[in-house]
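The next block is coords_15.pdb, given as PDB, C-alpha atoms.
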```pdb
ATOM      1  CA  MET A   1      14.905  17.510   7.073
ATOM      2  CA  ALA A   2      15.606  14.481   4.866
ATOM      3  CA  ARG A   3      17.887  14.859   1.875
ATOM      4  CA  ALA A   4      17.614  12.983  -1.413
ATOM      5  CA  ASP A   5      20.821  11.047  -0.696
ATOM      6  CA  GLY A   6      19.246   9.389   2.343
ATOM      7  CA  GLN A   7      21.266  11.382   4.906
ATOM      8  CA  ARG A   8      19.719  13.493   7.649
ATOM      9  CA  ALA A   9      20.990  16.977   6.912
ATOM     10  CA  ASP A  10      20.860  18.220  10.498
ATOM     11  CA  ARG A  11      23.127  15.615  12.122
ATOM     12  CA  GLY A  12      24.516  13.591   9.219
ATOM     13  CA  GLU A  13      22.564  10.508  10.259
ATOM     14  CA  GLN A  14      21.109   7.911   7.927
ATOM     15  CA  ALA A  15      17.441   8.505   7.183
ATOM     16  CA  PRO A  16      15.045   5.774   8.340
ATOM     17  CA  PRO A  17      14.746   2.944   5.807
ATOM     18  CA  PHE A  18      11.905   3.332   3.312
ATOM     19  CA  VAL A  19       9.909   0.095   3.255
ATOM     20  CA  GLY A  20       7.089  -1.210   1.056
ATOM     21  CA  LEU A  21       4.531  -3.536   2.658
ATOM     22  CA  THR A  22       2.354  -5.787   0.516
ATOM     23  CA  GLY A  23       0.428  -9.055   0.522
ATOM     24  CA  GLY A  24      -2.543 -10.842  -0.960
ATOM     25  CA  LEU A  25      -6.206 -10.239  -0.179
ATOM     26  CA  GLY A  26      -6.994 -11.341   3.356
ATOM     27  CA  ALA A  27      -3.349 -11.824   4.287
ATOM     28  CA  GLY A  28      -3.531  -9.103   6.916
ATOM     29  CA  LYS A  29      -1.592  -6.146   5.535
ATOM     30  CA  THR A  30      -3.637  -3.673   7.567
ATOM     31  CA  THR A  31      -2.985  -5.579  10.787
ATOM     32  CA  ALA A  32       0.724  -5.757  10.003
ATOM     33  CA  LEU A  33       0.826  -2.022   9.264
ATOM     34  CA  ALA A  34      -0.807  -1.235  12.620
ATOM     35  CA  LEU A  35       1.681  -3.458  14.455
ATOM     36  CA  LEU A  36       4.619  -1.830  12.690
ATOM     37  CA  ARG A  37       3.330   1.532  13.866
ATOM     38  CA  GLU A  38       3.152   0.207  17.442
ATOM     39  CA  LEU A  39       6.727  -1.027  17.050
ATOM     40  CA  GLY A  40       8.018   2.439  16.219
ATOM     41  CA  ALA A  41       7.685   2.767  12.449
ATOM     42  CA  ALA A  42       5.945   5.643  10.697
ATOM     43  CA  THR A  43       3.237   4.128   8.493
ATOM     44  CA  LEU A  44       1.036   5.082   5.572
ATOM     45  CA  SER A  45      -1.631   3.182   3.633
ATOM     46  CA  SER A  46      -1.729   3.954  -0.087
ATOM     47  CA  ASP A  47      -5.373   2.851  -0.128
ATOM     48  CA  GLU A  48      -6.192   5.491   2.476
ATOM     49  CA  VAL A  49      -4.348   8.074   0.393
ATOM     50  CA  VAL A  50      -6.521   7.109  -2.589
ATOM     51  CA  HIS A  51      -9.693   7.369  -0.498
ATOM     52  CA  GLU A  52      -8.708  10.866   0.614
ATOM     53  CA  LEU A  53      -7.917  11.886  -2.956
ATOM     54  CA  LEU A  54     -11.358  10.716  -4.070
ATOM     55  CA  GLU A  55     -12.849  13.320  -1.724
ATOM     56  CA  GLN A  56     -10.989  16.221  -3.346
ATOM     57  CA  PRO A  57     -13.225  18.347  -5.609
ATOM     58  CA  GLU A  58     -10.701  18.555  -8.450
ATOM     59  CA  VAL A  59     -10.257  14.779  -8.473
ATOM     60  CA  VAL A  60     -14.023  14.237  -8.360
ATOM     61  CA  ALA A  61     -14.442  16.592 -11.321
ATOM     62  CA  GLU A  62     -11.723  14.872 -13.348
ATOM     63  CA  ILE A  63     -13.155  11.413 -12.663
ATOM     64  CA  ALA A  64     -16.680  12.556 -13.543
ATOM     65  CA  GLU A  65     -15.414  14.063 -16.788
ATOM     66  CA  ARG A  66     -13.648  10.836 -17.729
ATOM     67  CA  PHE A  67     -16.168   8.236 -16.543
ATOM     68  CA  GLY A  68     -19.443  10.138 -16.433
ATOM     69  CA  GLU A  69     -21.880  11.085 -13.714
ATOM     70  CA  ARG A  70     -22.792   7.420 -13.229
ATOM     71  CA  VAL A  71     -19.793   6.963 -10.913
ATOM     72  CA  LEU A  72     -21.038   9.726  -8.589
ATOM     73  CA  ALA A  73     -23.594   9.704  -5.794
ATOM     74  CA  ASP A  74     -24.683  13.013  -4.258
ATOM     75  CA  GLY A  75     -21.746  14.737  -5.885
ATOM     76  CA  ARG A  76     -19.138  12.364  -4.459
ATOM     77  CA  VAL A  77     -17.288   9.454  -6.045
ATOM     78  CA  ASP A  78     -19.089   6.197  -5.369
ATOM     79  CA  ARG A  79     -16.159   3.790  -5.004
ATOM     80  CA  GLY A  80     -18.340   0.768  -5.718
ATOM     81  CA  ARG A  81     -19.635   2.197  -8.995
ATOM     82  CA  LEU A  82     -16.171   3.355  -9.968
ATOM     83  CA  ALA A  83     -14.756  -0.102  -9.273
ATOM     84  CA  GLU A  84     -17.445  -1.739 -11.408
ATOM     85  CA  THR A  85     -16.571   0.645 -14.230
ATOM     86  CA  VAL A  86     -12.804   0.157 -14.243
ATOM     87  CA  PHE A  87     -12.102  -3.377 -12.997
ATOM     88  CA  ALA A  88     -13.482  -5.093 -16.096
ATOM     89  CA  ASP A  89     -12.019  -2.569 -18.541
ATOM     90  CA  PRO A  90      -8.193  -2.359 -18.711
ATOM     91  CA  GLU A  91      -8.314   0.916 -20.652
ATOM     92  CA  ALA A  92     -10.595   2.503 -18.063
ATOM     93  CA  ARG A  93      -8.382   1.210 -15.259
ATOM     94  CA  ARG A  94      -5.313   2.759 -16.872
ATOM     95  CA  ALA A  95      -7.175   6.050 -17.228
ATOM     96  CA  LEU A  96      -8.025   6.024 -13.528
ATOM     97  CA  GLU A  97      -4.418   5.207 -12.666
ATOM     98  CA  GLN A  98      -3.259   8.178 -14.741
ATOM     99  CA  ILE A  99      -5.523  10.403 -12.668
ATOM    100  CA  LEU A 100      -4.606   8.974  -9.274
ATOM    101  CA  TRP A 101      -1.064   7.605  -9.323
ATOM    102  CA  PRO A 102       0.814  10.899  -9.822
ATOM    103  CA  ARG A 103      -1.177  12.390  -6.948
ATOM    104  CA  VAL A 104      -0.547   9.339  -4.761
ATOM    105  CA  GLY A 105       3.166   9.588  -5.521
ATOM    106  CA  ALA A 106       3.229  13.245  -4.530
ATOM    107  CA  GLU A 107       1.356  12.539  -1.280
ATOM    108  CA  VAL A 108       3.715   9.692  -0.383
ATOM    109  CA  ALA A 109       6.785  11.828  -1.105
ATOM    110  CA  ALA A 110       5.479  14.660   1.088
ATOM    111  CA  TRP A 111       4.633  12.209   3.889
ATOM    112  CA  ARG A 112       8.071  10.604   3.641
ATOM    113  CA  ALA A 113       9.820  13.957   4.017
ATOM    114  CA  ARG A 114       7.726  14.873   7.062
ATOM    115  CA  ALA A 115       8.142  11.486   8.728
ATOM    116  CA  ALA A 116      11.906  11.331   8.118
ATOM    117  CA  ALA A 117      12.320  14.736   9.780
ATOM    118  CA  GLN A 118      10.688  13.630  13.041
ATOM    119  CA  GLN A 119      12.745  13.722  16.213
ATOM    120  CA  PRO A 120      13.421  11.116  17.361
ATOM    121  CA  PRO A 121      13.272   9.519  13.908
ATOM    122  CA  PRO A 122      10.988   6.524  13.312
ATOM    123  CA  ARG A 123      12.572   3.084  13.088
ATOM    124  CA  ALA A 124      11.374   2.855   9.490
ATOM    125  CA  LEU A 125       9.020   4.534   7.026
ATOM    126  CA  VAL A 126       6.523   1.908   5.878
ATOM    127  CA  VAL A 127       4.019   2.329   3.049
ATOM    128  CA  GLU A 128       1.360  -0.316   2.426
ATOM    129  CA  VAL A 129       1.008  -0.872  -1.340
ATOM    130  CA  PRO A 130      -1.295  -3.774  -2.345
ATOM    131  CA  LEU A 131      -0.006  -3.920  -5.949
ATOM    132  CA  LEU A 132       3.608  -3.108  -5.139
ATOM    133  CA  PHE A 133       5.243  -5.781  -7.305
ATOM    134  CA  GLU A 134       2.516  -5.793  -9.935
ATOM    135  CA  ALA A 135       3.140  -2.079 -10.531
ATOM    136  CA  GLY A 136       6.922  -2.539 -10.567
ATOM    137  CA  MET A 137       7.371  -0.204  -7.604
ATOM    138  CA  GLU A 138       9.792  -2.286  -5.531
ATOM    139  CA  GLY A 139      12.772  -0.293  -6.787
ATOM    140  CA  ALA A 140      11.469   2.792  -4.978
ATOM    141  CA  PHE A 141      11.999   1.144  -1.595
ATOM    142  CA  ASP A 142      15.031   0.175   0.456
ATOM    143  CA  ALA A 143      13.307  -3.096   1.400
ATOM    144  CA  THR A 144       9.956  -4.833   0.976
ATOM    145  CA  ILE A 145       7.827  -6.999   3.253
ATOM    146  CA  ALA A 146       5.256  -9.529   1.999
ATOM    147  CA  VAL A 147       2.525 -10.670   4.377
ATOM    148  CA  VAL A 148       1.238 -14.166   3.580
ATOM    149  CA  ALA A 149      -1.301 -16.565   5.087
ATOM    150  CA  ASP A 150      -2.848 -19.933   4.293
ATOM    151  CA  ASP A 151      -5.576 -19.726   1.657
ATOM    152  CA  SER A 152      -8.161 -21.149   4.079
ATOM    153  CA  VAL A 153      -7.380 -18.422   6.615
ATOM    154  CA  ARG A 154      -7.545 -15.714   3.965
ATOM    155  CA  SER A 155     -10.923 -17.011   2.747
ATOM    156  CA  GLU A 156     -12.342 -16.882   6.279
ATOM    157  CA  ARG A 157     -11.226 -13.284   6.662
ATOM    158  CA  LEU A 158     -12.947 -12.288   3.425
ATOM    159  CA  VAL A 159     -16.364 -13.750   4.260
ATOM    160  CA  GLY A 160     -19.080 -11.135   3.928
ATOM    161  CA  ARG A 161     -17.205  -8.922   1.492
ATOM    162  CA  ASP A 162     -18.153  -8.320  -2.121
ATOM    163  CA  GLN A 163     -16.935 -11.546  -3.696
ATOM    164  CA  ARG A 164     -17.198 -10.315  -7.272
ATOM    165  CA  ALA A 165     -15.023  -7.292  -6.547
ATOM    166  CA  LEU A 166     -12.605  -9.434  -4.560
ATOM    167  CA  ALA A 167     -12.291 -11.933  -7.398
ATOM    168  CA  GLU A 168     -11.497  -9.153  -9.862
ATOM    169  CA  ARG A 169      -8.909  -7.634  -7.521
ATOM    170  CA  ASP A 170      -7.362 -11.044  -6.895
ATOM    171  CA  ARG A 171      -6.951 -11.632 -10.646
ATOM    172  CA  ARG A 172      -4.829  -8.493 -10.828
ATOM    173  CA  GLN A 173      -2.454  -9.708  -8.132
ATOM    174  CA  LEU A 174       0.523 -12.039  -8.223
ATOM    175  CA  PRO A 175       0.151 -15.333  -6.351
ATOM    176  CA  GLN A 176       1.344 -15.234  -2.755
ATOM    177  CA  HIS A 177       4.392 -17.371  -3.441
ATOM    178  CA  GLU A 178       5.582 -14.910  -6.090
ATOM    179  CA  LYS A 179       5.151 -11.949  -3.752
ATOM    180  CA  ALA A 180       7.111 -13.844  -1.100
ATOM    181  CA  ALA A 181       9.869 -14.745  -3.555
ATOM    182  CA  ARG A 182      10.297 -11.138  -4.634
ATOM    183  CA  ALA A 183      10.111  -9.555  -1.177
ATOM    184  CA  THR A 184      13.111  -8.782   0.989
ATOM    185  CA  PHE A 185      11.249 -10.204   3.991
ATOM    186  CA  THR A 186       8.222 -12.484   4.307
ATOM    187  CA  VAL A 187       6.049 -12.762   7.424
ATOM    188  CA  ARG A 188       3.269 -15.261   8.025
ATOM    189  CA  ASN A 189      -0.043 -14.112   9.424
ATOM    190  CA  ASP A 190      -2.025 -17.284  10.013
ATOM    191  CA  GLY A 191      -1.108 -17.543  13.702
ATOM    192  CA  THR A 192      -1.662 -15.177  16.610
ATOM    193  CA  ILE A 193      -1.211 -11.429  16.740
ATOM    194  CA  GLU A 194       1.684 -11.989  19.135
ATOM    195  CA  GLN A 195       3.409 -14.238  16.604
ATOM    196  CA  LEU A 196       2.968 -11.665  13.858
ATOM    197  CA  ARG A 197       4.246  -8.918  16.138
ATOM    198  CA  ALA A 198       7.366 -10.963  16.954
ATOM    199  CA  GLN A 199       8.112 -11.513  13.260
ATOM    200  CA  LEU A 200       7.692  -7.829  12.442
ATOM    201  CA  SER A 201       9.832  -6.831  15.397
ATOM    202  CA  ALA A 202      12.597  -9.082  14.093
ATOM    203  CA  VAL A 203      12.283  -7.525  10.626
ATOM    204  CA  LEU A 204      12.593  -4.013  12.035
ATOM    205  CA  ALA A 205      15.648  -5.067  14.030
ATOM    206  CA  THR A 206      17.254  -6.308  10.808
ATOM    207  CA  ILE A 207      16.073  -3.774   8.301
ATOM    208  CA  ALA A 208      18.151  -0.692   9.142
ATOM    209  CA  PRO A 209      21.338  -1.956   7.451
ATOM    210  CA  CYS A 210      19.374  -3.637   4.656
ATOM    211  CA  LYS A 211      20.466  -2.449   1.216
ATOM    212  CA  ALA A 212      18.040  -1.523  -1.504
ATOM    213  CA  ARG A 213      17.115  -4.172  -4.061
ATOM    214  CA  ARG A 214      17.516  -2.188  -7.248
TER     215      ARG A 214
END
```
Show the structure stored in the file as structure tokens.
Amino acid sequence: MARADGQRADRGEQAPPFVGLTGGLGAGKTTALALLRELGAATLSSDEVVHELLEQPEVVAEIAERFGERVLADGRVDRGRLAETVFADPEARRALEQILWPRVGAEVAAWRARAAAQQPPPRALVVEVPLLFEAGMEGAFDATIAVVADDSVRSERLVGRDQRALAERDRRQLPQHEKAARATFTVRNDGTIEQLRAQLSAVLATIAPCKARR
């Protein structure tokens, strides 16, 4: 199993590097995460963790108590209604974060321990975190990857989605160039899948000896 000092207790080997993946709306984080998994990394989406948490009865009850029954539909959290409630209200957003973030952190830690103990070990442990830099979480990772794309390409990918919600989410994020400047690695995703795969493969080949930015 993985130890806190980053060594593998069973054979004294270094644990796989712990990597944060981020990027702007429409940049293609989900695609990059899937490719990293194909390339031998263990992967986790923090958004998916949140979605699973929102199905847990105790989380539903706590959210309903804080925000009222209006954010529920048939006894389940309606993510659209919840988003409308918290996005425009910083205090409400912080309250939701206080409910979810400790649970997300615990889920990620448990996943990391399981993934690091796999035999053979993954090439890296990659967690997709949309607001990685905005939340000041980069110090938790050994390295970070920012996925970027031309604004025109990103806009095309977002056609058909809720533009109001997207605009609110985009206002909460750093500009792409700032994410790229703060990341250990930057990959462009306005070309082909093969080009993105090649960039990510090169990152994985480099990342094992990469030191943490702390």
>> So that I can see what lies close to stretch 134-148 of chain A, please list as a PyMOL selection string the residues with an atom at most 8 Å from it, counting only C-alpha atoms and leaving out residues fewer than 2 positions away in the same chain.
In response: chain A and resi 17-24+27-29+32+131-132+150+172-174+176+179-180+183-190+207+210-214
>> On this structure, the PyMOL selection byres ((chain A and resi 59-73) around 9) would catch which residues? List them as a list in words, sorted by chain and number.
In response: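 The output of the PyMOL selection byres ((chain A and resi 59-73) around 9) on this file is Leu53, Leu54, Glu55, Gln56, Pro57, Glu58, Asp74, Gly75, Arg76, Val77, Asp78, Arg79, Gly80, Arg81, Leu82, Ala83, Thr85, Ala92, Ala95, Leu96, Ile99 and Leu100 of chain A.
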>> Would you compute the distance between atom CA of A:Arg37 and atom CA of A:Pro122? Give it in Å to one decimal.
In response: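 Separation between atom CA of A:Arg37 and atom CA of A:Pro122: 9.2 Å.
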> atom CA of A:Val127 and atom CA of A:Leu196 are how many Å apart?
Replying inline: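 Going from atom CA of A:Val127 over to atom CA of A:Leu196, I get 17.7 Å.
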>> So the first atom is atom CA of A:Arg123 and the second is atom CA of A:Ala34; what is the distance between them in Å, to one decimal place?
In response: 14.1 Å
Step by step, gather every atom of stretch 39-57 of chain A that the file lists, find the box along x, y and z that holds them, add 4 Å on each side, and finally give centre and edge lengths in Å to one decimal, as JSON.
```
{"center_x": -2.6, "center_y": 8.7, "center_z": 5.7, "size_x": 29.2, "size_y": 27.4, "size_z": 30.7}
```
Please complete stretch 70-81 of chain A so it has all heavy atoms, and hand it over as a PDB file, keeping the file's coordinate frame.
```pdb
ATOM      1  N   ARG A  70     -22.326   8.692 -13.797  1.00  0.00           N
ATOM      2  CA  ARG A  70     -22.792   7.420 -13.229  1.00  0.00           C
ATOM      3  C   ARG A  70     -21.911   6.932 -12.075  1.00  0.00           C
ATOM      4  O   ARG A  70     -22.336   6.084 -11.291  1.00  0.00           O
ATOM      5  CB  ARG A  70     -22.845   6.340 -14.317  1.00  0.00           C
ATOM      6  CG  ARG A  70     -21.478   5.955 -14.877  1.00  0.00           C
ATOM      7  CD  ARG A  70     -21.607   4.908 -15.985  1.00  0.00           C
ATOM      8  NE  ARG A  70     -20.310   4.468 -16.513  1.00  0.00           N
ATOM      9  CZ  ARG A  70     -19.621   5.131 -17.418  1.00  0.00           C
ATOM     10  NH1 ARG A  70     -20.099   6.272 -17.895  1.00  0.00           N
ATOM     11  NH2 ARG A  70     -18.454   4.686 -17.852  1.00  0.00           N
ATOM     12  N   VAL A  71     -20.682   7.416 -11.993  1.00  0.00           N
ATOM     13  CA  VAL A  71     -19.793   6.963 -10.913  1.00  0.00           C
ATOM     14  C   VAL A  71     -19.905   7.858  -9.689  1.00  0.00           C
ATOM     15  O   VAL A  71     -19.157   7.681  -8.717  1.00  0.00           O
ATOM     16  CB  VAL A  71     -18.320   6.892 -11.375  1.00  0.00           C
ATOM     17  CG1 VAL A  71     -18.174   5.932 -12.545  1.00  0.00           C
ATOM     18  CG2 VAL A  71     -17.780   8.274 -11.725  1.00  0.00           C
ATOM     19  N   LEU A  72     -20.841   8.825  -9.720  1.00  0.00           N
ATOM     20  CA  LEU A  72     -21.038   9.726  -8.589  1.00  0.00           C
ATOM     21  C   LEU A  72     -22.338   9.417  -7.870  1.00  0.00           C
ATOM     22  O   LEU A  72     -23.291   8.875  -8.450  1.00  0.00           O
ATOM     23  CB  LEU A  72     -21.055  11.189  -9.044  1.00  0.00           C
ATOM     24  CG  LEU A  72     -19.845  11.719  -9.821  1.00  0.00           C
ATOM     25  CD1 LEU A  72     -20.030  13.211 -10.091  1.00  0.00           C
ATOM     26  CD2 LEU A  72     -18.552  11.449  -9.077  1.00  0.00           C
ATOM     27  N   ALA A  73     -22.372   9.772  -6.597  1.00  0.00           N
ATOM     28  CA  ALA A  73     -23.594   9.704  -5.794  1.00  0.00           C
ATOM     29  C   ALA A  73     -23.594  10.925  -4.890  1.00  0.00           C
ATOM     30  O   ALA A  73     -22.663  11.100  -4.084  1.00  0.00           O
ATOM     31  CB  ALA A  73     -23.640   8.425  -4.966  1.00  0.00           C
ATOM     32  N   ASP A  74     -24.598  11.776  -5.041  1.00  0.00           N
ATOM     33  CA  ASP A  74     -24.683  13.013  -4.258  1.00  0.00           C
ATOM     34  C   ASP A  74     -23.426  13.871  -4.405  1.00  0.00           C
ATOM     35  O   ASP A  74     -22.942  14.476  -3.442  1.00  0.00           O
ATOM     36  CB  ASP A  74     -24.926  12.692  -2.774  1.00  0.00           C
ATOM     37  CG  ASP A  74     -26.240  11.947  -2.549  1.00  0.00           C
ATOM     38  OD1 ASP A  74     -27.217  12.264  -3.264  1.00  0.00           O
ATOM     39  OD2 ASP A  74     -26.274  11.059  -1.691  1.00  0.00           O
ATOM     40  N   GLY A  75     -22.887  13.893  -5.614  1.00  0.00           N
ATOM     41  CA  GLY A  75     -21.746  14.737  -5.885  1.00  0.00           C
ATOM     42  C   GLY A  75     -20.407  14.198  -5.439  1.00  0.00           C
ATOM     43  O   GLY A  75     -19.379  14.871  -5.573  1.00  0.00           O
ATOM     44  N   ARG A  76     -20.383  12.984  -4.916  1.00  0.00           N
ATOM     45  CA  ARG A  76     -19.138  12.364  -4.459  1.00  0.00           C
ATOM     46  C   ARG A  76     -18.884  11.093  -5.258  1.00  0.00           C
ATOM     47  O   ARG A  76     -19.818  10.480  -5.796  1.00  0.00           O
ATOM     48  CB  ARG A  76     -19.214  12.028  -2.960  1.00  0.00           C
ATOM     49  CG  ARG A  76     -19.515  13.235  -2.099  1.00  0.00           C
ATOM     50  CD  ARG A  76     -19.742  12.850  -0.659  1.00  0.00           C
ATOM     51  NE  ARG A  76     -18.537  12.301  -0.041  1.00  0.00           N
ATOM     52  CZ  ARG A  76     -18.497  11.870   1.229  1.00  0.00           C
ATOM     53  NH1 ARG A  76     -19.606  11.900   1.968  1.00  0.00           N
ATOM     54  NH2 ARG A  76     -17.371  11.398   1.724  1.00  0.00           N
ATOM     55  N   VAL A  77     -17.616  10.680  -5.331  1.00  0.00           N
ATOM     56  CA  VAL A  77     -17.288   9.454  -6.045  1.00  0.00           C
ATOM     57  C   VAL A  77     -17.825   8.261  -5.258  1.00  0.00           C
ATOM     58  O   VAL A  77     -17.559   8.113  -4.069  1.00  0.00           O
ATOM     59  CB  VAL A  77     -15.764   9.313  -6.228  1.00  0.00           C
ATOM     60  CG1 VAL A  77     -15.432   7.957  -6.843  1.00  0.00           C
ATOM     61  CG2 VAL A  77     -15.227  10.446  -7.105  1.00  0.00           C
ATOM     62  N   ASP A  78     -18.617   7.456  -5.944  1.00  0.00           N
ATOM     63  CA  ASP A  78     -19.089   6.197  -5.369  1.00  0.00           C
ATOM     64  C   ASP A  78     -18.050   5.130  -5.716  1.00  0.00           C
ATOM     65  O   ASP A  78     -17.937   4.719  -6.869  1.00  0.00           O
ATOM     66  CB  ASP A  78     -20.456   5.840  -5.940  1.00  0.00           C
ATOM     67  CG  ASP A  78     -21.061   4.596  -5.301  1.00  0.00           C
ATOM     68  OD1 ASP A  78     -20.385   3.541  -5.289  1.00  0.00           O
ATOM     69  OD2 ASP A  78     -22.196   4.672  -4.811  1.00  0.00           O
ATOM     70  N   ARG A  79     -17.270   4.691  -4.724  1.00  0.00           N
ATOM     71  CA  ARG A  79     -16.159   3.790  -5.004  1.00  0.00           C
ATOM     72  C   ARG A  79     -16.633   2.466  -5.584  1.00  0.00           C
ATOM     73  O   ARG A  79     -15.947   1.857  -6.404  1.00  0.00           O
ATOM     74  CB  ARG A  79     -15.324   3.565  -3.743  1.00  0.00           C
ATOM     75  CG  ARG A  79     -14.624   4.837  -3.273  1.00  0.00           C
ATOM     76  CD  ARG A  79     -13.457   4.518  -2.366  1.00  0.00           C
ATOM     77  NE  ARG A  79     -13.860   3.841  -1.135  1.00  0.00           N
ATOM     78  CZ  ARG A  79     -14.174   4.471  -0.015  1.00  0.00           C
ATOM     79  NH1 ARG A  79     -14.130   5.785   0.039  1.00  0.00           N
ATOM     80  NH2 ARG A  79     -14.505   3.792   1.065  1.00  0.00           N
ATOM     81  N   GLY A  80     -17.804   2.013  -5.179  1.00  0.00           N
ATOM     82  CA  GLY A  80     -18.340   0.768  -5.718  1.00  0.00           C
ATOM     83  C   GLY A  80     -18.652   0.894  -7.203  1.00  0.00           C
ATOM     84  O   GLY A  80     -18.295   0.023  -8.001  1.00  0.00           O
ATOM     85  N   ARG A  81     -19.311   1.977  -7.581  1.00  0.00           N
ATOM     86  CA  ARG A  81     -19.635   2.197  -8.995  1.00  0.00           C
ATOM     87  C   ARG A  81     -18.367   2.402  -9.819  1.00  0.00           C
ATOM     88  O   ARG A  81     -18.258   1.912 -10.949  1.00  0.00           O
ATOM     89  CB  ARG A  81     -20.547   3.414  -9.141  1.00  0.00           C
ATOM     90  CG  ARG A  81     -21.921   3.261  -8.507  1.00  0.00           C
ATOM     91  CD  ARG A  81     -22.733   4.546  -8.665  1.00  0.00           C
ATOM     92  NE  ARG A  81     -23.989   4.497  -7.924  1.00  0.00           N
ATOM     93  CZ  ARG A  81     -24.839   5.510  -7.814  1.00  0.00           C
ATOM     94  NH1 ARG A  81     -24.554   6.656  -8.436  1.00  0.00           N
ATOM     95  NH2 ARG A  81     -25.951   5.395  -7.111  1.00  0.00           N
TER      96      ARG A  81
END
```
